[in-house]
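Comments concern the structure below.
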Amino acid sequence: MKKVLAISGSTRAKSINQSFIEAIRNIAQTQFSVSIYRGLSDIPHFNPDLDNENPPAQVKEFRRQLQEADGILICTPEYAMGVPGTLKNAIDWSVSTCDFSHKPVALITASLSGEKAHQSLLGTLKIIESNITDGTQLLIPFAKTKIDKDCKITDAETLTQITKLIEAFSRNMENQ
Ligand SMILES: Cc1cc2nc3c(=O)[nH]c(=O)nc-3n(C[C@H](O)[C@H](O)[C@H](O)COP(=O)(O)O)c2cc1C
């Protein structure tokens, strides 16, 4: 079975983005396994001077998990019309080692609106050569109203969109 590493752009305890990751883990359990990356808050601020042959231990571990995954799922909110700093910081550490290069990626921006962060992240993911397609990216506005506290997607259209995204993501991983 293919292995997906999931990254939530929100580190908040009751994050709806983490709930969407749980929902996808449940829905996709016969297609791929999902492990959740928990170290986002501990990654040091990106500094090219530290991006050498002996980077910080947290960065080594993050890169190892990226490299071992068959695909990467990112679920994130928008903060102040942009990508959450912790998430962008982590991605910046992956540039020199090309960890996203040709790797199947699914991006969900689950936020109040989220459009700017979604477009910005799509640009970043494309420039670092990740394998992200129209079918593996989804913007979920008013996201809080579409999932419950038990990680069940309560909005029928969102559930359909996520089911299609899971299928496209699986296909991209199979074809890799
Ligand atoms: C500091 C801050 C800034 C925010 N800015 C935006 C924004 O620009 N656009 C937006 O859609 N939502 C914005 N939000 C609302 C978040 O989208 C919303 O709180 C979302 O549920 C956070 O995701 P989470 O539940 O996974 O933590 C902001 C929230 C915070 C705390």
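Each chain in the structure tokens gets a letter, A, B and so on, in the order shown; residues start at 1 in every chain, and ligands are counted from 1 in the order they appear.
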Item to complete: Give me the residues within 12 Å of Phe32 of chain A as a list in words, counting only C-alpha atoms and dropping any in the same chain fewer than 6 places off.
Response: Met1, Lys2, Lys3, Val4, Leu5, Ala6, Ile24, Arg25, Asn26, Ala69, Asp70, Gly71, Ile72, Leu73, Ile166, Glu167, Phe169, Ser170, Arg171, Met173 and Glu174 of chain A
Discussion item. As a PyMOL selection string, please: every protein or nucleic acid residue near ligand 1 (cut-off 9 Å, counting only C-alpha atoms and all ligand atoms).
Written reply: chain A and resi 8-20+75-84+109-117+141-144
Worksheet item: Using only C-alpha atoms, which residue out of A:Thr86, A:Asn47, A:Gln65, A:Thr163 lies closest to Val34 of chain A?
Response: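 Among A:Thr86, A:Asn47, A:Gln65, A:Thr163, it is A:Gln65 that comes nearest to Val34 of chain A.
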Discussion item. Considering only C-alpha atoms, can you say which of A:Ile74, A:Ile140, A:Val105, A:Leu40 comes closest to Ile21 of chain A?
Written reply: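 Closest to Ile21 of chain A of all the choices is A:Ile74.
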Tell me, as a PDB file with N, CA and C atoms, in the first residue's frame, which residues lie within 12 Å of segment 93-98 of chain A, counting only C-alpha atoms; anything in the same chain fewer than 5 positions away does not count.
ATOM      1  N   LEU A  40       6.189  20.228  12.752  1.00  0.00           N
ATOM      2  CA  LEU A  40       6.238  21.526  12.058  1.00  0.00           C
ATOM      3  C   LEU A  40       6.705  22.668  12.968  1.00  0.00           C
ATOM      4  N   ILE A  43      10.666  22.961  13.662  1.00  0.00           N
ATOM      5  CA  ILE A  43      11.685  23.179  12.626  1.00  0.00           C
ATOM      6  C   ILE A  43      12.259  24.595  12.782  1.00  0.00           C
ATOM      7  N   PRO A  44      13.587  24.721  12.870  1.00  0.00           N
ATOM      8  CA  PRO A  44      14.180  26.060  13.026  1.00  0.00           C
ATOM      9  C   PRO A  44      13.859  26.971  11.832  1.00  0.00           C
ATOM     10  N   HIS A  45      13.972  28.258  12.061  1.00  0.00           N
ATOM     11  CA  HIS A  45      13.769  29.206  10.956  1.00  0.00           C
ATOM     12  C   HIS A  45      14.767  28.906   9.845  1.00  0.00           C
ATOM     13  N   PHE A  46      14.270  28.935   8.629  1.00  0.00           N
ATOM     14  CA  PHE A  46      15.157  28.641   7.508  1.00  0.00           C
ATOM     15  C   PHE A  46      16.251  29.692   7.408  1.00  0.00           C
ATOM     16  N   ASN A  47      17.470  29.190   7.235  1.00  0.00           N
ATOM     17  CA  ASN A  47      18.615  30.077   7.041  1.00  0.00           C
ATOM     18  C   ASN A  47      19.558  29.349   6.081  1.00  0.00           C
ATOM     19  N   PRO A  48      19.805  29.911   4.906  1.00  0.00           N
ATOM     20  CA  PRO A  48      20.682  29.214   3.947  1.00  0.00           C
ATOM     21  C   PRO A  48      22.042  28.857   4.527  1.00  0.00           C
ATOM     22  N   ASP A  49      22.516  29.641   5.503  1.00  0.00           N
ATOM     23  CA  ASP A  49      23.827  29.317   6.110  1.00  0.00           C
ATOM     24  C   ASP A  49      23.796  27.982   6.863  1.00  0.00           C
ATOM     25  N   LEU A  50      22.594  27.600   7.342  1.00  0.00           N
ATOM     26  CA  LEU A  50      22.469  26.321   8.078  1.00  0.00           C
ATOM     27  C   LEU A  50      22.096  25.165   7.148  1.00  0.00           C
ATOM     28  N   ASP A  51      21.811  25.521   5.898  1.00  0.00           N
ATOM     29  CA  ASP A  51      21.376  24.505   4.933  1.00  0.00           C
ATOM     30  C   ASP A  51      22.619  23.919   4.266  1.00  0.00           C
ATOM     31  N   ASN A  52      23.398  23.224   5.089  1.00  0.00           N
ATOM     32  CA  ASN A  52      24.676  22.681   4.610  1.00  0.00           C
ATOM     33  C   ASN A  52      24.665  21.156   4.771  1.00  0.00           C
ATOM     34  N   GLU A  53      25.834  20.528   4.794  1.00  0.00           N
ATOM     35  CA  GLU A  53      25.873  19.050   4.876  1.00  0.00           C
ATOM     36  C   GLU A  53      25.433  18.536   6.253  1.00  0.00           C
ATOM     37  N   PRO A  55      22.595  19.836   8.505  1.00  0.00           N
ATOM     38  CA  PRO A  55      21.509  20.734   8.909  1.00  0.00           C
ATOM     39  C   PRO A  55      20.961  20.341  10.282  1.00  0.00           C
ATOM     40  N   PRO A  56      20.090  21.186  10.886  1.00  0.00           N
ATOM     41  CA  PRO A  56      19.504  20.847  12.179  1.00  0.00           C
ATOM     42  C   PRO A  56      18.805  19.484  12.152  1.00  0.00           C
ATOM     43  N   GLN A  58      16.036  18.424  13.334  1.00  0.00           N
ATOM     44  CA  GLN A  58      14.604  18.432  12.985  1.00  0.00           C
ATOM     45  C   GLN A  58      14.423  18.477  11.471  1.00  0.00           C
ATOM     46  N   VAL A  59      15.347  19.150  10.811  1.00  0.00           N
ATOM     47  CA  VAL A  59      15.278  19.266   9.343  1.00  0.00           C
ATOM     48  C   VAL A  59      15.619  17.917   8.704  1.00  0.00           C
ATOM     49  N   LYS A  60      16.639  17.258   9.259  1.00  0.00           N
ATOM     50  CA  LYS A  60      17.013  15.922   8.743  1.00  0.00           C
ATOM     51  C   LYS A  60      15.818  14.981   8.838  1.00  0.00           C
ATOM     52  N   GLU A  61      15.131  15.028   9.991  1.00  0.00           N
ATOM     53  CA  GLU A  61      13.999  14.126  10.214  1.00  0.00           C
ATOM     54  C   GLU A  61      12.834  14.467   9.267  1.00  0.00           C
ATOM     55  N   PHE A  62      12.573  15.752   9.097  1.00  0.00           N
ATOM     56  CA  PHE A  62      11.514  16.173   8.172  1.00  0.00           C
ATOM     57  C   PHE A  62      11.830  15.676   6.758  1.00  0.00           C
ATOM     58  N   ARG A  63      13.056  15.859   6.323  1.00  0.00           N
ATOM     59  CA  ARG A  63      13.446  15.423   4.976  1.00  0.00           C
ATOM     60  C   ARG A  63      13.330  13.899   4.845  1.00  0.00           C
ATOM     61  N   ARG A  64      13.714  13.185   5.911  1.00  0.00           N
ATOM     62  CA  ARG A  64      13.623  11.715   5.854  1.00  0.00           C
ATOM     63  C   ARG A  64      12.178  11.285   5.641  1.00  0.00           C
ATOM     64  N   GLN A  65      11.272  11.916   6.393  1.00  0.00           N
ATOM     65  CA  GLN A  65       9.861  11.535   6.263  1.00  0.00           C
ATOM     66  C   GLN A  65       9.322  11.892   4.877  1.00  0.00           C
ATOM     67  N   LEU A  66       9.744  13.028   4.336  1.00  0.00           N
ATOM     68  CA  LEU A  66       9.315  13.397   2.976  1.00  0.00           C
ATOM     69  C   LEU A  66       9.821  12.373   1.964  1.00  0.00           C
ATOM     70  N   GLN A  67      11.097  12.009   2.110  1.00  0.00           N
ATOM     71  CA  GLN A  67      11.718  11.101   1.131  1.00  0.00           C
ATOM     72  C   GLN A  67      11.101   9.707   1.177  1.00  0.00           C
ATOM     73  N   THR A  86       4.806  28.787   9.441  1.00  0.00           N
ATOM     74  CA  THR A  86       5.455  27.523   9.828  1.00  0.00           C
ATOM     75  C   THR A  86       5.508  26.548   8.645  1.00  0.00           C
ATOM     76  N   LEU A  87       4.440  26.548   7.862  1.00  0.00           N
ATOM     77  CA  LEU A  87       4.390  25.631   6.709  1.00  0.00           C
ATOM     78  C   LEU A  87       5.382  26.075   5.631  1.00  0.00           C
ATOM     79  N   LYS A  88       5.375  27.360   5.330  1.00  0.00           N
ATOM     80  CA  LYS A  88       6.288  27.863   4.281  1.00  0.00           C
ATOM     81  C   LYS A  88       7.739  27.648   4.715  1.00  0.00           C
ATOM     82  N   LYS A 103       7.329  14.290  -6.779  1.00  0.00           N
ATOM     83  CA  LYS A 103       6.558  13.546  -5.759  1.00  0.00           C
ATOM     84  C   LYS A 103       5.091  13.918  -5.904  1.00  0.00           C
ATOM     85  N   THR A 124       4.285  27.776  -5.304  1.00  0.00           N
ATOM     86  CA  THR A 124       5.478  27.215  -4.638  1.00  0.00           C
ATOM     87  C   THR A 124       5.655  25.749  -5.003  1.00  0.00           C
ATOM     88  N   LEU A 125       4.556  24.981  -4.906  1.00  0.00           N
ATOM     89  CA  LEU A 125       4.654  23.530  -5.149  1.00  0.00           C
ATOM     90  C   LEU A 125       5.038  23.239  -6.595  1.00  0.00           C
ATOM     91  N   LYS A 126       4.586  24.091  -7.509  1.00  0.00           N
ATOM     92  CA  LYS A 126       4.947  23.868  -8.915  1.00  0.00           C
ATOM     93  C   LYS A 126       6.412  24.204  -9.164  1.00  0.00           C
ATOM     94  N   ILE A 127       6.891  25.292  -8.551  1.00  0.00           N
ATOM     95  CA  ILE A 127       8.282  25.696  -8.810  1.00  0.00           C
ATOM     96  C   ILE A 127       9.261  24.689  -8.206  1.00  0.00           C
ATOM     97  N   ILE A 128       8.837  23.965  -7.157  1.00  0.00           N
ATOM     98  CA  ILE A 128       9.739  22.937  -6.611  1.00  0.00           C
ATOM     99  C   ILE A 128       9.442  21.564  -7.233  1.00  0.00           C
ATOM    100  N   GLU A 129       8.726  21.615  -8.366  1.00  0.00           N
ATOM    101  CA  GLU A 129       8.540  20.455  -9.259  1.00  0.00           C
ATOM    102  C   GLU A 129       7.729  19.327  -8.662  1.00  0.00           C
ATOM    103  N   SER A 130       6.829  19.637  -7.708  1.00  0.00           N
ATOM    104  CA  SER A 130       6.015  18.534  -7.201  1.00  0.00           C
ATOM    105  C   SER A 130       4.994  18.129  -8.258  1.00  0.00           C
TER     106      SER A 130
END
